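Read the structure below first, then the notes.
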Amino acid sequence: MTTPLHDRAGATDAPGALRVCHIVATTEGAVWVFEQLRDLRDRFGHDVTVILNGRKGKLVDRFEAAGIRVLDSDFEFLNSADLLALPKKIWALARILRRERFDVVQTHLFHSMVIGRLAAWLADVPVRLAMIAGPFHLEAYTPRWIDGSTQWMETALIPSCEFSRTLYRSMGVADRRLHVIYYGPDDSKFDPAGHVAADLRGDYGWPADTPLIGMVAYFYPELGVNRWTPPVAQGRSIKSQAELIQAMPAILAQHPNAKLLLIGSGWEEGGRAYLAKMEALVASLGLGNSIKFTGFRTDIPAVLKGLDVAVQASVSENLGGTIEGLLMECPMVATRCGGLVDSVIDGRTGVLVTPSDPADLARGIVTLLRDRDTARQLGGNGRQLMLEKFTLRRTVDALDALYRSRAAKAGAGYWLPRSAWRAFAGCFVCAYLAGRYWFVDLRLLPALDAGWRPWHLSRLRVLAARLKYTLRRFATAQAETAAPAAHDVPHNEQFTSVAVAPRVVVADPPKADPFAGLKTAARMRLYRFYAFVGRLKLGWGLRQRASDMMKGTLRRLAPPWNSASPDAQDALGNAPFRTMATPRRIVMAHPPKVDPFAGLKTAARMRLYRFYAFVGRRKLGWGLRRRAKDMVRRTLRL
């Protein structure tokens, strides 16, 4: 069931038309969002709207020039301080969605996906979709668990490459909710018959037969080492122009007159800094005559037609610029990562190489430069495959079919009681996301990276126990010293009967081992070492559960301390006409309590350490224990 269209500019009366809204957190680039909405309106009659994170930018101008309505909302989520403002941003966007009553809401890019997902679920939008721009956030720890914790709010997910679908499957998402739809470009703009090759060789005064290699990509900033970035991309720029520059010496060794063009400008300040770094790298390698930086160009189809080999050397990528290059029948070399393997099929539409490997990248480029006929054939095969699966028309057809199928199964939506219940449940969802991010991602994991370990607290407990024992012994000694000496009661020894104790003869008194404590301590240290390895393998919960169970058992079995034996009370009774020795009175302020279960506790602790040690020995091998034992024995003999 769909909502009737409002009478306004851009609305149509096409049969089965839906009110579609796309949400994307940018005002620059993202031309694919504009092309999708334009064709959904022009070809299928849908009433389309876009929500951006601002009202100024080239993307805003593009939409307004095409007559597509633009709304704005706040999607900023850059640091931990934004956690407090996150519910407010979700609520504001949800109010916009409830006011507009869209049939379909589709999000792009991670920040707008998370906030738009929560807002659309809260507003009870009938069909909620997320089109995944690439596998980047699914390969990083923090955005992966955030996406995985909220993906159930979507009606369906739209991975834009097979690798992204595989990652969602590994997160437990059912196949029926996954629909692969590629971000296809407008193929009419990339037709070799409609473009003349750019005279790149003439621009730099190179001969007409100069082998020309090119990469069309922005210079993006070098990414930080954090959990928002995939491990493979940490500390480097995602497009990896550095690897292509480092591969040039090996290429020049076989093709001395080959040239490399790096087409693109720096993306914001960080990208410009990386571009300057690459220029310095070229100068340090002495490749200034072989590598040129062209800057930003608008004639990309003509540039691609003038290249002998196009390269995409990314370390994490969706489809990159491979579709445009193959549509122009340009021979392609790409790294084996992300969605690049969907468009560049090794040996069929191009050559695949290992990411972050300049030597293998040079091998792939040299392969195409050496055999020009094979390279042209691969380019032709690539264009045929792109026209079959990777064009804008295919993308919009698939989106329209998905919208209609999901809308037919969805209810009317925007039911106020359901939104009220979701608002209540959403508080717990937001609390979980904020709590886990603040405690685990910002506190616990950085502490573990810095070397902190939970078992380090056991050292503090040992020191506290030793201090407590020392203070107790000191207090007991002070009490015994301060107690007054007891004096004998005067009596006549003539009438006193003296009790004579029987003589006990011990044939061979047992010899005390002076090294017993040292042996026990050494054994405990060895078990602690093995137990450390065993706990790493088994986890920490087992020891805690065993400790809690033992403490509970000891509390139930411990006898009351204030009970006294009847025989001990009668021992000092006064019977008539009985003559007895008066015992010396000993006064103690606070007699120390003896724990009758001390031995049991030690034995249980030893058993637990033996169990952990068994696991640790199996992991480390048995020779280590034997060598440590022999060393302790030799030490004790000394």
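Going through the structure tokens in order, the chains are called A, B, and so on, while each chain numbers its residues from 1 and the ligands are numbered from 1 in the order shown.
The protein and nucleic acid residues lying at most 10 Å from Val351 of chain A are A:Val311, A:Pro331, A:Met332, A:Val333, A:Ala334, A:Thr335, A:Arg336, A:Val341, A:Val344, A:Ile345, A:Leu361, A:Arg363, A:Gly364, A:Ile365, A:Thr367, A:Leu368, A:Ala375, A:Leu378, with only C-alpha atoms considered and sequence neighbours fewer than 6 positions away removed.
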Please, which residues of segment 68-206 of chain A, numbered as in this document, come out helix (DSSP H, G or I) from DSSP, as a PyMOL selection string? chain A and resi 82-100+110-123+141-153+162-170+175-177+187-189+192-194+200-204
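Atom pair atom CA of Ser314 of chain A / atom CA of Ala133 of chain A: separated by 15.1 Å.
In this comparison, which uses only C-alpha atoms, the residue of A:Ser149, A:Ser73, A:Asn257, A:Gln241 approaching Asp209 of chain A most closely is A:Asn257.
Candidate residues A:Arg393, A:Arg201, A:Arg406, A:Arg272 were compared for distance to Ala258 of chain A, and the nearest is A:Arg201, using only C-alpha atoms.
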Hey, could you make a per-residue contact list for segment 391-493 of chain A against segment 43-52 of chain A with 12 Å as the cut-off, showing the nearest pair of atoms and its distance in Å to one decimal, counting only C-alpha atoms, sorted by chain and number, as a Markdown table?
```
| residue | atom | partner | partner_atom | distance |
| --- | --- | --- | --- | --- |
| A:Leu392 | CA | A:Arg43 | CA | 11.9 |
| A:Arg393 | CA | A:Arg43 | CA | 9.7 |
| A:Val396 | CA | A:Arg43 | CA | 8.9 |
| A:Asp397 | CA | A:Phe44 | CA | 9.1 |
| A:Ala398 | CA | A:Phe44 | CA | 11.9 |
| A:Leu399 | CA | A:Phe44 | CA | 10.7 |
| A:Asp400 | CA | A:Phe44 | CA | 7.7 |
| A:Ala401 | CA | A:Phe44 | CA | 10.4 |
| A:Tyr403 | CA | A:His46 | CA | 10.4 |
| A:Arg404 | CA | A:His46 | CA | 10.9 |
```
Could you dump the residues just selected with N, CA and C atoms as a CSV table (one decimal), in the first residue's frame?
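This went into part_37.csv:
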```
chain,number,residue,atom,x,y,z
A,392,LEU,N,24.2,2.3,-15.5
A,392,LEU,CA,23.2,3.0,-14.7
A,392,LEU,C,21.8,2.4,-15.0
A,393,ARG,N,21.6,2.1,-16.2
A,393,ARG,CA,20.3,1.5,-16.6
A,393,ARG,C,20.0,0.2,-15.8
A,396,VAL,N,19.2,1.2,-12.1
A,396,VAL,CA,17.9,1.8,-11.8
A,396,VAL,C,16.8,0.8,-12.0
A,397,ASP,N,17.0,-0.1,-13.0
A,397,ASP,CA,16.0,-1.2,-13.2
A,397,ASP,C,15.9,-2.1,-12.0
A,398,ALA,N,17.1,-2.4,-11.4
A,398,ALA,CA,17.1,-3.3,-10.2
A,398,ALA,C,16.5,-2.6,-9.0
A,399,LEU,N,16.8,-1.3,-8.9
A,399,LEU,CA,16.2,-0.5,-7.7
A,399,LEU,C,14.7,-0.4,-7.8
A,400,ASP,N,14.2,-0.1,-9.0
A,400,ASP,CA,12.8,0.0,-9.2
A,400,ASP,C,12.1,-1.3,-8.9
A,401,ALA,N,12.6,-2.4,-9.4
A,401,ALA,CA,12.0,-3.8,-9.1
A,401,ALA,C,12.0,-4.1,-7.6
A,403,TYR,N,12.1,-1.8,-5.1
A,403,TYR,CA,11.1,-0.9,-4.4
A,403,TYR,C,9.7,-1.5,-4.5
A,404,ARG,N,9.3,-1.9,-5.7
A,404,ARG,CA,8.0,-2.3,-5.9
A,404,ARG,C,7.7,-3.6,-5.2
```
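Of the listed residues A:Ala313, A:Leu327, A:Val180, A:Ala198, the one whose atoms come nearest to Leu244 of chain A is A:Ala313, with distances taken using only C-alpha atoms.
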